[in-house]
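In what follows, a single structure is set out as structure tokens and then discussed.
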Amino acid sequence: MIKPSIFCLTLLAFSLVKVSAEEMPPLPSGPKGPGPFGAFQTTLKYDPAWDKPWRIGDQADVIIRFDDGGHRFVFWRGTSYIPHWVTDNDIWFNNEFIERMGDASGLTGCIEPMSDKQCRYSHVRVLESNEARAVVHWRYAPVDVQYRHPFPDEKTGWADWVDEIHTIYPDGTAVRETTMHSTKPNDFAEWHEAIVVHQPGRKPEDNIEVVAVSLANLKGESRDYSWPRERIAKNRVFENTPENPCIQMVNLKSPKKPFTIVDPEGLEITVFSGNSPNSIFLHWDHWPVSQDKNWSRMATSKDRPSHSSLFNLRNWKEYARTETSVTRLLLNGLTDKPAAALAPLAKSWLTPPSIKVSGDNYESAGFDPTERAWQLTKKEKAAAAPLEITVEADADHPIVNPAFVVKNWGNGGAALALDGKPIHRGKDFRFGHRQTLEGTDLVVWLKFESDKPANISIQPAA
């Protein structure tokens with residue numbers, strides 16, 4: 001009989017044996033405090049016993065830092081690369097992923113990246129990072145804890161895979177473009193779940209307000225909801241919501257709180273009812289960090305990393321569909337504003353203003369919600385010339401922190417004026433370049449909000 005190694009015993013102990021909170025390290029999210037905005041590849045160190053078995057290099061994880069606060073956006077293998085907004089006081093939050101139903105696919109348990117505890121099928125890469133924005137690609141396969149895939153195609157063997165493109169801006173907002181590839185795209189799939197992750201030593205009440213959720217709509221109407229939600233069928237929905245509550249906020253005990261915004265068409269919101277033995281909220285500790293093959297273990301203490309789920313968003317409008325894929329969009333981030341005050345941001349993304357481009361050197365392809373940016377192109381062989389844009393904003397189509405992508409701009413810099421007034425490059429006006437096979441594009445981000453028309457001039461500069 002082969003004796004298990006000390007390494008294996010250590011890993012098993014870390015995964016299965018109850019350890020005091022003092023012995024469990026906090027989840028890693030990089031250097032504390034503000035830092036240069038952008039996406040950074042690194043390998044986050046956790047606990048030596050937990051780190052040792054990972055067969056990885058020195059750039060396994062990705063962190064997006066922000067220069068206006070200690071919050072960040074983290075893709076860490078300890079959470080199976082499920083991306084998390086991390087507040088400046090270390091509360092982690094995510095908007096779930098694609099989850100399939102086990103019994104429908106012939107598997108058991110939760111069919112999701114959360115079950116991929118070794119990140120066999122989950123990986124992350126930085127597509128773009130400059131001072132104007134960061135773009136990160138997360139690709140994963142929903143699997144069960146035995147690493148089995150749902151709905152394999154009988155001819156090709158391809159099962160479910162998911163591509164998520166996250167486009168993150170300096171104001172702490174990001175578009176999540178999720179595309180599920182599947183032989184069974186019409187079978188049940190869960191696209192969203194509001195999940196709070198708790199550090200060891202904290203229980204849900206340490207991180208979540210009793211008034212845990214706020215819902216709002218595009219009119220700026222809002223309503224707050226307290227816990228616990230009773231375990232009865234009728235309370236699987238929020239009562240007396242504002243009409244079309246497409247803005248949702250989780251009220252964490254932190255200065256900045258996570259929000260989500262989706263298209264209100266078809267939207268349904270369902271509540272996680274009930275509570276756990278040690279909390280007014282549901283509370284599980286089979287994930288994150290834990291490496292044992294468990295997909296639903298109720299927490300009985302606060303000794304290890306754990307999580308709580310509050311609500312699901314379901315059936316909101318699809319962005320695109322093919323025979324073997326479905327795509328949905330979600331705007332999310334962290335904010336210090338109340339939910340109702342996010343109505344202008346929501347409208348600027350869901351019903352953006354139109355723009356007009358002057359002159360013959362540039363043309364516009366309109367607003368791209370997957371990037372939250374207007375797409376423009378410098379015409380082939382056009383001379384270097386100012387790009388003059390009129391944004392036709394109004395109360396129903398406001399402009400909030402706009403971004404512009406100018407294809408074929410070249411390697412030169414840019415100078416910007418807003419309504420004739422120069423805006424110097426800095427925290428309120430940022431630009432960067434994106435290299436492609438076809439050329440070099442300019443990406444511009446402007447900190448500016450208005451419900452009235454505005455003129456933006458972008459001029460070539462050294």
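In the structure tokens, chains take the letters A, B, ... in the order shown, each chain's residues start at 1, and ligands count up from 1 in the order shown.
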Open item on the list: List the spatial neighbours of region 373-386 of chain A as a list of chain:residue names - criterion: any atom at most 7 Å away, only C-alpha atoms, same-chain residues fewer than 3 positions off excluded.
Closed with: A:Asn361, A:Tyr362, A:Glu363, A:Ser364, A:Ala365, A:Gly366, A:Phe367, A:Asp368, A:Pro369, A:Pro402, A:Ala403, A:Phe404, A:Val405, A:Val406, A:Lys407, A:Asn408, A:Trp409, A:Ser457, A:Ile458, A:Gln459, A:Pro460
The selected residues should be written to file as a compact mmCIF listing (two decimals), in the first residue's frame (atoms: C-alpha atoms).
# COMPACT_ATOMS: atom_id res chain seq x y z
CA ASN A 361 -12.57 61.91 -42.26
CA TYR A 362 -14.52 59.78 -39.76
CA GLU A 363 -17.62 57.64 -39.71
CA SER A 364 -19.65 56.26 -36.82
CA ALA A 365 -20.96 52.74 -36.28
CA GLY A 366 -23.00 53.86 -33.28
CA PHE A 367 -23.03 52.75 -29.66
CA ASP A 368 -21.83 49.24 -28.78
CA PRO A 369 -23.41 48.11 -25.47
CA PRO A 402 -18.66 58.11 -22.13
CA ALA A 403 -16.07 56.05 -23.98
CA PHE A 404 -15.10 56.25 -27.64
CA VAL A 405 -13.12 53.75 -29.73
CA VAL A 406 -11.60 55.27 -32.87
CA LYS A 407 -10.34 52.59 -35.23
CA ASN A 408 -7.27 53.28 -37.38
CA TRP A 409 -6.34 56.36 -35.33
CA SER A 457 -13.57 67.45 -30.03
CA ILE A 458 -10.73 64.92 -30.18
CA GLN A 459 -7.65 66.23 -31.99
CA PRO A 460 -4.48 64.42 -32.99
Task: region 125-338 of chain A: residues DSSP assigns to alpha helix (DSSP H), reported as a list of chain:residue names - done: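 Checking each residue of region 125-338 of chain A, the alpha helix (DSSP H) ones are A:Pro204, A:Glu205, A:Asp206, A:Asn207.
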Task: Gly33 (chain A) surroundings by only C-alpha atoms, 12 Å radius, close-in-sequence under 5 positions cut, as a ChimeraX atom specification - done: /A:65-72,86-90
TODO: Taking the chain letters and numbering used in this document, name the residues of region 199-292 of chain A that DSSP puts in strand (DSSP E or B), as a VMD selection string.
DONE: chain A and resid 208 to 216 222 to 226 247 to 252 257 to 261 268 to 271 276 279 284
- [ ] May I ask which of the residues A:Glu205, A:Asp263, A:Asp144, A:Asp285 is the closest one to Leu218 (chain A), counting only C-alpha atoms?
- [x]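 Distance minimum relative to Leu218 (chain A) lands on A:Asp263.
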Open item on the list: as a VMD selection string, please: the residues near Val197 (chain A) (cut-off 8 Å, only C-alpha atoms, same-chain neighbours under 5 positions excluded).
Closed with: chain A and resid 91 to 94 288 305 to 308
Task: Surrounding residues of region 334-345 of chain A excluding itself and chain neighbours under 3 positions, 7 Å, only C-alpha atoms, as a PyMOL selection string - done: chain A and resi 172-173+214-222+247-249+255-259+348-349+398+400
Open item on the list: Using only C-alpha atoms, which protein or nucleic acid residues come within 9 Å of Ala414 (chain A)? Drop anything in the same chain fewer than 2 positions from it, and give the result as a VMD selection string.
Closed with: chain A and resid 412 416 425 431 442 444 458 to 462
Task: Which residue of A:Glu392, A:Asp419, A:Asp163, A:Asp61 approaches Phe75 (chain A) most closely, using only C-alpha atoms - done: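 Ranking A:Glu392, A:Asp419, A:Asp163, A:Asp61 by distance to Phe75 (chain A), first place goes to A:Asp61.
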Open item on the list: When you look at Asn294 (chain A) with a cut-off of 9 Å (counting only C-alpha atoms), what residues show up, excluding the ones that are within fewer than 5 positions of it in the same chain? I need them as a PyMOL selection string.
Closed with: chain A and resi 109+115+145+286-287
